[in-house]
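The file structure-v2.cif contains mmCIF, C-alpha atoms and all ligand atoms:
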```
data_structure
loop_
_atom_site.label_atom_id
_atom_site.label_comp_id
_atom_site.auth_asym_id
_atom_site.auth_seq_id
_atom_site.Cartn_x
_atom_site.Cartn_y
_atom_site.Cartn_z
CA MET A 283 126.93 145.00 34.00
CA VAL A 284 129.18 142.11 33.04
CA VAL A 285 128.69 139.65 30.19
CA ILE A 286 130.89 136.55 30.44
CA GLY A 287 131.75 135.03 27.06
CA ALA A 288 131.97 136.57 23.58
CA GLY A 289 130.54 133.78 21.44
CA GLN A 290 127.25 134.15 19.58
CA ALA A 291 125.20 134.40 22.78
CA GLY A 292 127.45 136.93 24.54
CA LEU A 293 127.81 139.17 21.48
CA SER A 294 124.07 139.16 20.90
CA ALA A 295 123.51 140.17 24.53
CA ALA A 296 126.18 142.90 24.27
CA HIS A 297 124.69 144.26 21.07
CA HIS A 298 121.24 144.53 22.63
CA LEU A 299 122.62 146.11 25.81
CA ARG A 300 124.18 148.80 23.60
CA ARG A 301 120.95 149.28 21.69
CA ARG A 302 119.19 149.86 24.99
CA GLY A 303 121.57 152.67 25.83
CA LEU A 304 124.15 151.00 28.10
CA ARG A 305 127.53 152.59 27.44
CA PRO A 306 130.46 150.33 26.47
CA PHE A 307 133.07 150.10 29.26
CA ASP A 308 131.25 152.68 31.46
CA ASP A 309 128.14 150.57 31.98
CA PHE A 310 129.14 147.12 30.78
CA VAL A 311 132.02 144.93 29.63
CA VAL A 312 132.27 141.52 27.99
CA LEU A 313 134.95 139.24 29.47
CA ASP A 314 136.16 136.50 27.15
CA ALA A 315 138.60 133.68 27.86
CA ASP A 316 139.71 133.15 24.28
CA PRO A 317 142.75 134.95 22.86
CA ALA A 318 140.82 136.07 19.76
CA PRO A 319 137.24 136.68 18.57
CA GLY A 320 135.06 133.82 17.29
CA GLY A 321 133.84 131.95 20.38
CA ALA A 322 134.05 128.19 19.96
CA TRP A 323 134.16 128.42 16.16
CA GLN A 324 137.91 129.18 16.30
CA HIS A 325 138.52 125.73 17.85
CA ARG A 326 136.50 123.59 15.47
CA PRO A 327 138.42 121.21 13.16
CA SER A 328 139.49 122.67 9.83
CA SER A 329 137.50 119.90 8.10
CA LEU A 330 134.29 121.61 9.31
CA THR A 331 133.71 123.74 6.21
CA MET A 332 130.93 126.27 5.74
CA ALA A 333 129.19 123.67 3.56
CA MET A 334 129.05 121.38 6.59
CA VAL A 335 127.68 124.06 8.91
CA HIS A 336 123.93 123.78 9.05
CA GLY A 337 121.42 126.48 9.82
CA PHE A 338 123.97 129.04 11.02
CA HIS A 339 122.17 132.21 12.05
CA GLU A 340 124.08 135.41 11.59
CA LEU A 341 124.69 137.77 14.50
CA PRO A 342 121.93 140.34 15.08
CA ASP A 343 121.80 143.20 12.56
CA SER A 344 124.85 141.99 10.65
CA PRO A 345 124.44 140.00 7.43
CA LEU A 346 127.06 137.32 6.89
CA PRO A 347 128.96 138.17 3.68
CA PRO A 348 128.80 135.53 0.93
CA LEU A 349 131.37 132.86 1.85
CA ALA A 350 132.87 130.09 -0.24
CA PRO A 351 131.35 126.81 1.01
CA GLN A 352 134.73 125.03 0.98
CA LEU A 353 136.29 127.44 3.49
CA PRO A 354 136.77 126.16 7.05
CA ALA A 355 134.27 127.69 9.52
CA ARG A 356 137.17 128.14 11.95
CA ASP A 357 138.77 130.64 9.57
CA VAL A 358 135.81 132.64 8.27
CA LEU A 359 133.47 132.88 11.25
CA PRO A 360 136.09 134.32 13.65
CA ASP A 361 136.78 137.08 11.07
CA TYR A 362 133.07 137.81 10.95
CA PHE A 363 132.89 137.91 14.77
CA ALA A 364 135.94 140.21 14.92
CA ALA A 365 134.35 142.65 12.46
CA TYR A 366 131.13 142.52 14.48
CA GLU A 367 132.88 143.42 17.73
CA ARG A 368 134.66 146.27 15.96
CA ASP A 369 131.74 147.66 13.95
CA HIS A 370 129.32 147.53 16.88
CA GLU A 371 131.94 148.90 19.28
CA LEU A 372 131.44 146.12 21.79
CA PRO A 373 133.58 146.39 24.94
CA VAL A 374 135.25 142.96 24.86
CA LEU A 375 138.21 142.36 27.17
CA ARG A 376 140.36 139.28 26.45
CA PRO A 377 141.84 137.02 27.36
CA VAL A 378 140.05 137.03 30.72
CA THR A 379 138.91 133.72 32.19
CA VAL A 380 136.37 134.22 34.94
CA THR A 381 137.24 131.85 37.73
CA SER A 382 134.42 132.66 40.17
CA VAL A 383 131.38 134.85 40.75
CA ARG A 384 130.21 135.52 44.28
CA SER A 385 127.78 137.80 45.98
CA GLU A 386 129.12 140.64 48.12
CA SER A 387 126.52 139.86 50.81
CA ALA A 388 123.38 137.81 51.42
CA ASP A 389 121.20 140.71 50.24
CA PRO A 390 119.39 139.39 47.13
CA HIS A 391 120.30 142.59 45.28
CA ALA A 392 123.90 142.81 46.52
CA ARG A 393 126.64 143.46 44.00
CA LEU A 394 128.33 140.50 42.38
CA LEU A 395 132.11 140.13 42.40
CA VAL A 396 133.43 138.66 39.18
CA GLN A 397 136.94 137.29 39.60
CA GLY A 398 139.17 137.19 36.53
CA ASP A 399 142.22 134.92 36.24
CA GLY A 400 144.62 137.88 36.07
CA GLY A 401 143.62 138.91 39.59
CA ARG A 402 141.26 141.67 38.49
CA VAL A 403 137.76 141.76 40.02
CA TRP A 404 134.69 143.41 38.49
CA SER A 405 131.85 144.49 40.74
CA THR A 406 128.48 144.41 39.01
CA ARG A 407 124.79 144.52 39.81
CA ALA A 408 123.80 141.94 37.20
CA LEU A 409 125.45 139.32 35.03
CA ILE A 410 124.78 137.63 31.72
CA ASN A 411 126.60 134.32 31.49
CA ALA A 412 127.35 133.18 27.94
CA THR A 413 130.20 130.72 28.39
CA GLY A 414 128.91 127.97 26.10
CA THR A 415 130.01 124.37 26.44
CA TRP A 416 133.20 123.98 24.41
CA THR A 417 135.50 124.03 27.43
CA ARG A 418 133.62 121.15 29.08
CA PRO A 419 133.76 118.09 26.84
CA PHE A 420 131.82 115.18 28.29
CA VAL A 421 133.13 111.60 28.26
CA PRO A 422 130.92 108.93 29.87
CA ARG A 423 132.54 106.39 32.15
CA TYR A 424 132.85 102.82 30.94
CA PRO A 425 134.60 100.08 32.89
CA GLY A 426 138.12 99.33 31.73
CA ALA A 427 138.76 102.71 30.05
CA GLU A 428 141.89 103.22 32.13
CA ARG A 429 143.38 99.97 30.78
CA PHE A 430 142.95 100.84 27.09
CA ARG A 431 146.35 100.90 25.32
CA GLY A 432 145.12 102.67 22.17
CA ARG A 433 144.30 106.33 21.77
CA MET A 434 141.17 107.90 23.26
CA LEU A 435 140.05 111.39 22.47
CA HIS A 436 136.96 113.55 22.70
CA SER A 437 135.54 114.97 19.46
CA SER A 438 136.64 118.44 20.58
CA ALA A 439 140.27 117.31 20.19
CA TYR A 440 139.66 115.88 16.69
CA ARG A 441 141.64 117.88 14.12
CA GLY A 442 140.76 116.04 10.93
CA PRO A 443 141.00 112.53 9.41
CA GLU A 444 144.72 112.89 8.54
CA GLU A 445 145.67 111.95 12.08
CA PHE A 446 144.04 108.52 11.67
CA GLY A 447 145.73 107.62 8.37
CA GLY A 448 147.41 104.22 8.73
CA THR A 449 145.44 103.48 11.91
CA GLY A 450 143.69 100.10 12.03
CA THR A 451 140.21 100.65 13.44
CA VAL A 452 138.64 103.86 14.71
CA LEU A 453 135.57 103.49 16.93
CA VAL A 454 133.29 106.53 17.11
CA VAL A 455 130.87 106.79 20.05
CA GLY A 456 127.83 109.07 19.86
CA GLY A 457 124.69 109.72 17.84
CA GLY A 458 125.02 113.40 16.95
CA ALA A 459 126.26 115.51 14.07
CA SER A 460 129.89 115.44 15.26
CA ALA A 461 129.96 111.62 15.27
CA VAL A 462 128.56 111.52 11.75
CA GLN A 463 131.08 114.04 10.49
CA ILE A 464 134.03 112.19 12.02
CA LEU A 465 132.78 108.87 10.61
CA ALA A 466 132.34 110.36 7.14
CA GLU A 467 135.88 111.71 7.08
CA THR A 468 137.64 108.86 8.86
CA ALA A 469 136.04 106.17 6.69
CA ALA A 470 138.29 107.37 3.84
CA VAL A 471 141.49 106.56 5.75
CA ALA A 472 140.67 103.80 8.27
CA ARG A 473 138.19 101.08 9.20
CA THR A 474 135.43 102.62 11.29
CA LEU A 475 132.93 101.32 13.82
CA TRP A 476 130.01 103.33 15.18
CA VAL A 477 128.25 102.80 18.50
CA THR A 478 125.36 104.79 19.98
CA ARG A 479 123.18 104.37 23.04
CA ARG A 480 119.91 104.66 21.13
CA PRO A 481 119.26 103.74 17.50
CA PRO A 482 119.77 106.92 15.46
CA VAL A 483 116.75 108.44 13.74
CA PHE A 484 117.60 109.43 10.17
CA ARG A 485 115.47 112.21 8.75
CA ASP A 486 114.72 112.47 5.03
CA ASP A 487 114.24 116.22 4.82
CA PRO A 488 117.33 118.47 4.96
CA PHE A 489 115.82 120.95 7.37
CA VAL A 490 114.34 120.20 10.74
CA PRO A 491 110.63 121.01 10.34
CA GLU A 492 109.64 123.97 12.44
CA GLU A 493 107.30 122.02 14.71
CA LEU A 494 110.01 119.44 15.43
CA GLY A 495 112.55 122.18 16.17
CA ARG A 496 110.03 123.79 18.50
CA ALA A 497 109.31 120.46 20.19
CA ALA A 498 113.06 119.92 20.76
CA VAL A 499 113.52 123.36 22.27
CA ALA A 500 110.37 122.92 24.40
CA MET A 501 111.71 119.63 25.76
CA VAL A 502 114.99 121.19 26.85
CA GLU A 503 113.13 124.23 28.19
CA GLU A 504 111.00 121.98 30.35
CA ARG A 505 114.09 120.32 31.78
CA VAL A 506 115.81 123.55 32.76
CA ARG A 507 112.57 124.95 34.19
CA ALA A 508 112.58 121.90 36.45
CA GLY A 509 116.23 122.44 37.45
CA LEU A 510 117.55 119.44 35.50
CA PRO A 511 120.73 119.59 33.42
CA PRO A 512 119.92 120.48 29.79
CA ARG A 513 120.04 117.77 27.08
CA SER A 514 121.00 117.76 23.43
CA VAL A 515 118.20 118.57 21.02
CA VAL A 516 119.40 115.96 18.47
CA SER A 517 117.63 113.22 20.38
CA VAL A 518 114.37 114.86 19.32
CA THR A 519 115.21 116.29 15.93
CA GLY A 520 117.07 113.25 14.55
CA LEU A 521 119.84 113.40 11.95
CA PRO A 522 119.04 115.35 8.78
CA PRO A 523 120.64 114.35 5.44
CA SER A 524 123.51 116.80 5.84
CA PRO A 525 126.51 116.67 3.45
CA ALA A 526 128.42 114.78 6.17
CA LEU A 527 125.68 112.21 6.58
CA LEU A 528 125.43 111.65 2.82
CA LEU A 529 129.20 111.21 2.63
CA ALA A 530 129.20 108.78 5.57
CA ARG A 531 126.46 106.78 3.87
CA GLU A 532 128.35 106.76 0.57
CA ARG A 533 131.42 105.45 2.43
CA ASP A 534 129.30 102.79 4.10
CA ALA A 535 130.15 104.06 7.59
CA LEU A 536 126.68 104.17 9.15
CA HIS A 537 126.31 100.61 10.45
CA ARG A 538 125.41 101.48 13.98
CA LEU A 539 126.08 99.06 16.84
CA PRO A 540 124.59 99.29 20.34
CA MET A 541 126.78 100.47 23.22
CA PHE A 542 129.51 98.10 24.32
CA GLU A 543 129.67 97.03 27.94
CA HIS A 544 133.31 97.48 28.80
CA ILE A 545 136.71 98.42 27.42
CA THR A 546 139.74 96.12 27.37
CA GLU A 547 143.42 96.81 26.71
CA HIS A 548 142.88 96.47 22.98
CA GLY A 549 139.20 96.90 22.27
CA VAL A 550 135.61 96.87 23.43
CA VAL A 551 133.29 94.06 24.51
CA TRP A 552 129.49 93.80 24.22
CA PRO A 553 127.24 92.10 26.81
CA ASP A 554 127.08 88.90 24.69
CA GLY A 555 130.88 88.60 24.85
CA HIS A 556 131.54 89.79 21.29
CA GLU A 557 134.79 91.76 21.14
CA GLU A 558 136.15 94.17 18.56
CA LEU A 559 139.81 95.19 18.52
CA VAL A 560 140.15 98.93 18.06
CA ASP A 561 143.06 101.34 17.93
CA VAL A 562 141.29 104.62 18.54
CA ILE A 563 138.13 105.52 20.46
CA VAL A 564 136.60 108.90 19.63
CA TRP A 565 134.04 110.08 22.17
CA ALA A 566 131.62 112.26 20.21
CA THR A 567 129.50 112.40 23.32
CA GLY A 568 128.82 116.08 23.64
CA PHE A 569 129.49 118.75 26.18
CA ARG A 570 128.21 120.11 29.47
CA ALA A 571 127.52 123.75 30.32
CA ALA A 572 130.69 125.63 31.36
CA ILE A 573 129.29 127.14 34.54
CA GLY A 574 131.68 126.01 37.28
CA HIS A 575 132.61 129.64 38.02
CA LEU A 576 129.02 130.27 39.17
CA ALA A 577 129.27 127.59 41.88
CA PRO A 578 129.74 130.07 44.79
CA LEU A 579 126.26 131.45 44.04
CA GLY A 580 124.66 128.10 44.93
CA LEU A 581 122.30 128.09 41.95
CA ARG A 582 122.34 124.37 41.30
CA GLU A 583 119.26 122.32 42.23
CA ALA A 584 119.28 118.78 43.58
CA GLY A 585 118.60 117.59 40.00
CA GLY A 586 122.04 118.94 38.97
CA GLY A 587 120.94 121.86 36.78
CA ILE A 588 120.09 125.51 37.32
CA ARG A 589 116.33 126.12 37.46
CA MET A 590 115.55 128.68 34.80
CA ASP A 591 112.72 131.10 34.23
CA GLY A 592 113.31 132.21 30.64
CA THR A 593 116.94 133.37 30.60
CA GLN A 594 116.95 134.21 34.31
CA ALA A 595 118.20 131.87 37.04
CA ALA A 596 114.97 131.31 38.98
CA ARG A 597 116.77 131.69 42.34
CA ASP A 598 118.62 134.90 41.49
CA PRO A 599 117.27 137.86 39.48
CA ARG A 600 120.83 139.18 38.99
CA ILE A 601 121.90 136.21 36.86
CA HIS A 602 120.94 135.36 33.28
CA LEU A 603 122.20 132.39 31.28
CA VAL A 604 122.23 132.57 27.49
CA GLY A 605 123.31 129.85 25.09
CA TYR A 606 122.31 127.49 27.92
CA GLY A 607 119.90 124.58 27.39
CA PRO A 608 117.13 125.56 24.98
CA SER A 609 119.13 128.50 23.59
CA ALA A 610 122.25 126.42 22.77
CA SER A 611 122.11 127.04 19.01
CA THR A 612 123.01 130.06 16.93
CA ILE A 613 119.37 131.12 16.57
CA GLY A 614 118.61 130.39 20.22
CA ALA A 615 121.70 132.33 21.32
CA ASN A 616 120.58 135.37 19.30
CA ARG A 617 117.11 135.36 20.85
CA ALA A 618 118.29 134.66 24.38
CA GLY A 619 120.88 137.47 24.14
CA ARG A 620 118.13 139.93 23.32
CA ALA A 621 115.75 138.61 25.99
CA ALA A 622 118.46 138.76 28.66
CA ALA A 623 119.50 142.31 27.69
CA VAL A 624 115.89 143.48 27.96
CA ALA A 625 115.41 141.77 31.33
CA VAL A 626 118.71 143.02 32.79
CA ASP A 627 118.05 146.57 31.66
CA ARG A 628 114.65 146.44 33.37
CA TYR A 629 116.19 144.94 36.50
CA LEU A 630 118.88 147.65 36.68
CA THR A 631 116.26 150.37 36.25
CA SER A 632 113.89 148.87 38.82
CA THR A 633 116.60 148.45 41.47
CA ALA A 634 117.89 151.98 41.00
CA ALA A 635 121.47 152.44 42.15
CA PRO A 636 124.51 154.29 40.76
CA ALA A 637 126.96 152.89 38.21
CA ALA A 638 126.09 149.51 36.76
CA LEU A 639 129.72 148.47 36.60
CA ALA A 640 132.74 149.07 38.72
CA SER A 641 136.14 147.49 38.54
CA ALA A 642 136.90 146.64 42.14
CA HIS A 643 140.65 146.07 41.82
C1 LIG B 701 131.19 120.86 16.31
C2 LIG B 701 130.01 121.76 16.44
C3 LIG B 701 129.33 122.18 15.30
C4 LIG B 701 128.22 123.04 15.39
N1 LIG B 701 127.59 123.37 14.25
C5 LIG B 701 126.51 124.20 14.32
C6 LIG B 701 125.80 124.57 13.15
O1 LIG B 701 126.14 124.09 12.08
N2 LIG B 701 124.74 125.41 13.26
C7 LIG B 701 124.34 125.93 14.48
O2 LIG B 701 123.36 126.70 14.55
N3 LIG B 701 124.97 125.57 15.60
C8 LIG B 701 126.04 124.73 15.56
N4 LIG B 701 126.67 124.36 16.70
C9 LIG B 701 126.19 124.91 17.96
C10 LIG B 701 126.62 126.38 18.02
O3 LIG B 701 127.98 126.48 17.64
C11 LIG B 701 126.52 126.88 19.39
O4 LIG B 701 125.22 126.68 19.90
C12 LIG B 701 126.79 128.37 19.49
O5 LIG B 701 127.77 128.82 18.58
C13 LIG B 701 127.32 128.58 20.87
O6 LIG B 701 127.51 129.94 21.09
P1 LIG B 701 127.82 130.40 22.56
O7 LIG B 701 127.99 131.87 22.51
O8 LIG B 701 126.79 129.88 23.50
O9 LIG B 701 129.18 129.65 22.98
P2 LIG B 701 130.68 129.71 22.45
O10 LIG B 701 130.78 129.99 21.00
O11 LIG B 701 131.33 128.48 22.98
O12 LIG B 701 131.28 130.97 23.21
C14 LIG B 701 131.53 130.95 24.58
C15 LIG B 701 132.59 131.99 24.88
O13 LIG B 701 132.71 132.05 26.29
C16 LIG B 701 134.08 132.11 26.63
N5 LIG B 701 134.23 131.53 27.98
C17 LIG B 701 133.99 130.26 28.38
N6 LIG B 701 134.23 130.13 29.71
C18 LIG B 701 134.64 131.36 30.14
C19 LIG B 701 135.03 131.88 31.40
N7 LIG B 701 135.06 131.12 32.52
N8 LIG B 701 135.41 133.19 31.49
C20 LIG B 701 135.39 133.99 30.39
N9 LIG B 701 135.01 133.53 29.16
C21 LIG B 701 134.65 132.24 29.04
C22 LIG B 701 134.81 131.33 25.57
O14 LIG B 701 136.15 131.79 25.47
C23 LIG B 701 133.97 131.64 24.32
O15 LIG B 701 134.49 132.73 23.60
C24 LIG B 701 127.77 123.50 16.64
C25 LIG B 701 128.44 123.09 17.80
C26 LIG B 701 129.54 122.22 17.71
C27 LIG B 701 130.21 121.77 18.97
#
```
Would you put the structure from the file into structure tokens?
Ligand SMILES: Cc1cc2nc3c(=O)[nH]c(=O)nc-3n(C[C@H](O)[C@H](O)[C@H](O)COP(=O)(O)OP(=O)(O)OC[C@H]3O[C@@H](n4cnc5c(N)ncnc54)[C@H](O)[C@@H]3O)c2cc1C
Amino acid sequence: MVVIGAGQAGLSAAHHLRRRGLRPFDDFVVLDADPAPGGAWQHRPSSLTMAMVHGFHELPDSPLPPLAPQLPARDVLPDYFAAYERDHELPVLRPVTVTSVRSESADPHARLLVQGDGGRVWSTRALINATGTWTRPFVPRYPGAERFRGRMLHSSAYRGPEEFGGTGTVLVVGGGASAVQILAETAAVARTLWVTRRPPVFRDDPFVPEELGRAAVAMVEERVRAGLPPRSVVSVTGLPPSPALLLARERDALHRLPMFEHITEHGVVWPDGHEELVDVIVWATGFRAAIGHLAPLGLREAGGGIRMDGTQAARDPRIHLVGYGPSASTIGANRAGRAAAVAVDRYLTSTAAPAALASAH
């Protein structure tokens, strides 16, 4: 058995595989592209403190120690993940970037060949993919972008407001939590503008009510069951009054404008001809699932997504995706990891064959 990715979803899956009796290294391994534990948390900007992190769910069976709210999540959560891997004796191999997964033959239960970037290949009967989205930032196309003389960056490359000090105007695109955080911080050092496709929905209560959370997850679940690419849940849950949102409001940075029509050398232009000169455009426009390495398996539907049945790829009982679509949150990743481990264990038992894992080369 191979798990790809050692973020929240992959570690939850690995933990539950162990609990079900699969032996680390003999029966399964976790391949992770990052140089150190922590999944995507190790790459988040240092301005994302624990106080800013909302609704973080700890890894299964491992309480998060009390942490000072002012500490950056990128420092404390990777330490917690590292201790988890160690204490639960999880067989993580890193850095290994999986470049492709293909089937040994057309037999629906054939072994899968998992190709690592170092040339090593793992041969496995089943696979849990937990590669998240961080490595696939999404930037929508707008006419004129290639002519822009200022700086353009995706929110994943944002390192903190210091880099915008002395900049004229910073335009932030996007209606999610990242956009709000960047606006809140940047408003202290530069003029900001905010554009979103749809008017943002501001919530009054700090926590997403359970029924709304469930509705958001159900919406994304429906999409992936139909083979459509998953969508962000924020469009359903709205923006809660997080510390970042309150700060952005205090700094008067939440005057949302509709999407511009095109980009010029020095700014952006709306359909009515109004132009704003800007120096920086930050695309806080989300991510796509990092699943390019699964392409040889031909799992994608015409709609562009992988049709899912729970955590299993509907077309292929050997493949599970966790942290994908409806389970792309820390709580969803925990649950999906467990569900996938249970399903894979059953699959391996029902299609009896010798060793679950073999390193081919
Ligand atoms: C800025 C930001 C803030 C967030 N804040 C919160 C929050 O406050 N509360 C909350 O609940 N959720 C939050 N989330 C969402 C939450 O972080 C994620 O849903 C969850 O942590 C993702 O876990 P994951 O295991 O799916 O992915 P990741 O943590 O991204 O882990 C994926 C792992 O897979 C590895 N990998 C990727 N590709 C390959 C490959 N080809 N081969 C081998 N390994 C590979 C990576 O190295 C990485 O270690 C936030 C997300 C972002 C972007």
**OP:** Residues up to 7 Å from ligand LIG 701 (chain B), counting all atoms listed in the file: could you list those as a PyMOL selection string?
**Re:** chain A and resi 286-292+313-316+319-323+326+334-339+378-381+412-417+460+572+575+604-606+610-613+615
**OP:** Would you mind listing what lies within 12 Å of A:Trp404 as a PyMOL selection string, with all atoms listed in the file counted and same-chain residues fewer than 5 positions away left out?
**Re:** chain A and resi 283-286+307+309-313+375+378+380-386+393-399+409+638-643
Taking all atoms listed in the file into account, produce a table as CSV in which each residue of stretch 336-455 of chain A with an atom at most 10 Å from an atom of stretch 521-544 of chain A appears once, together with its shortest atom pair and the distance in Å to one decimal, ordered by chain and rising number.
```
residue,atom,partner,partner_atom,distance
A:His336,CA,A:Ser524,CA,7.7
A:Arg423,CA,A:His544,CA,9.6
A:Tyr424,CA,A:His544,CA,5.8
A:Pro425,CA,A:His544,CA,5.0
A:Gly426,CA,A:His544,CA,5.9
A:Ala427,CA,A:His544,CA,7.7
A:Val454,CA,A:Arg538,CA,9.9
A:Val455,CA,A:Met541,CA,8.2
```
Write out, as a PDB file, keeping the file's coordinate frame, the residues just selected, with C-alpha atoms.
```pdb
ATOM      1  CA  HIS A 336     123.930 123.780   9.050  1.00  0.00           C
ATOM      2  CA  ARG A 423     132.540 106.390  32.150  1.00  0.00           C
ATOM      3  CA  TYR A 424     132.850 102.820  30.940  1.00  0.00           C
ATOM      4  CA  PRO A 425     134.600 100.080  32.890  1.00  0.00           C
ATOM      5  CA  GLY A 426     138.120  99.330  31.730  1.00  0.00           C
ATOM      6  CA  ALA A 427     138.760 102.710  30.050  1.00  0.00           C
ATOM      7  CA  VAL A 454     133.290 106.530  17.110  1.00  0.00           C
ATOM      8  CA  VAL A 455     130.870 106.790  20.050  1.00  0.00           C
TER       9      VAL A 455
END
```
Original post:
Which of these residues is nearest to A:Ser514, using all atoms listed in the file: A:Gln352, A:Thr406, A:Ser438, A:Ser609?
Top reply: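 Of A:Gln352, A:Thr406, A:Ser438, A:Ser609, the one nearest A:Ser514 is A:Ser609, counting all atoms listed in the file.
The nearest approach to A:Pro345 among the residues A:Leu330, A:Leu475, A:Val506, A:Ala365, with all atoms listed in the file taken into account, belongs to A:Ala365.
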Original post:
Which residue out of A:Arg473, A:Arg441, A:Ala408, A:Arg418 has the minimum interatomic distance to A:Tyr629 when only C-alpha atoms are used?
Top reply: A:Ala408
**OP:** Select, from A:Arg305, A:Leu293, A:Ile563, A:Pro348, the residue with the minimum atom-to-atom distance to A:Val550, counting all atoms listed in the file.
**Re:**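 Result for the nearest residue to A:Val550: A:Ile563.
Using all atoms listed in the file, the smallest distance between any of A:Val499, A:Pro481, A:Val626, A:Val452 and A:Pro608 comes from A:Val499.
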**OP:** Could you tell me which of A:Gly592, A:Gly568, A:Gly458, A:Pro342 comes closest to A:His297 if we count only C-alpha atoms?
**Re:**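 Answer, going by the shortest atom-to-atom distance: A:Pro342.
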Original post:
atom CA of A:Ala470 to atom CA of A:Ser437: how many Å, to one decimal?
Top reply: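 A separation of 17.6 Å between them.
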**OP:** Up to 8 Å from (129.7, 136.0, 5.7) in the file's coordinates: name the residues, counting all atoms listed in the file, as a ChimeraX atom specification.
**Re:** /A:345-349,358-359,362
Original post:
How far is it from atom CA of A:His602 to atom CA of A:Gly614, in Å with one decimal?
Top reply: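 Computing the Euclidean distance for atom CA of A:His602 and atom CA of A:Gly614 yields 14.2 Å.
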**OP:** Between atom CA of A:Val502 and atom CA of A:Gly607, measure the distance and give it in Å to one decimal.
**Re:**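 Computed distance, atom CA of A:Val502 to atom CA of A:Gly607, equals 6.0 Å.
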Can you tell me, as a short mmCIF file (atom, residue, chain, number, x, y, z; two decimals) with C-alpha atoms, keeping the file's coordinate frame, what residues are no more than 8 Å from stretch 585-588 of chain A when counting all atoms listed in the file, ignoring any on the same chain fewer than 6 positions away?
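What ended up in around04.cif:
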```
data_model
loop_
_atom_site.label_atom_id
_atom_site.label_comp_id
_atom_site.auth_asym_id
_atom_site.auth_seq_id
_atom_site.Cartn_x
_atom_site.Cartn_y
_atom_site.Cartn_z
CA VAL A 506 115.81 123.55 32.76
CA GLY A 509 116.23 122.44 37.45
CA LEU A 510 117.55 119.44 35.50
CA PRO A 511 120.73 119.59 33.42
CA PRO A 512 119.92 120.48 29.79
CA ALA A 595 118.20 131.87 37.04
CA ALA A 596 114.97 131.31 38.98
#
```
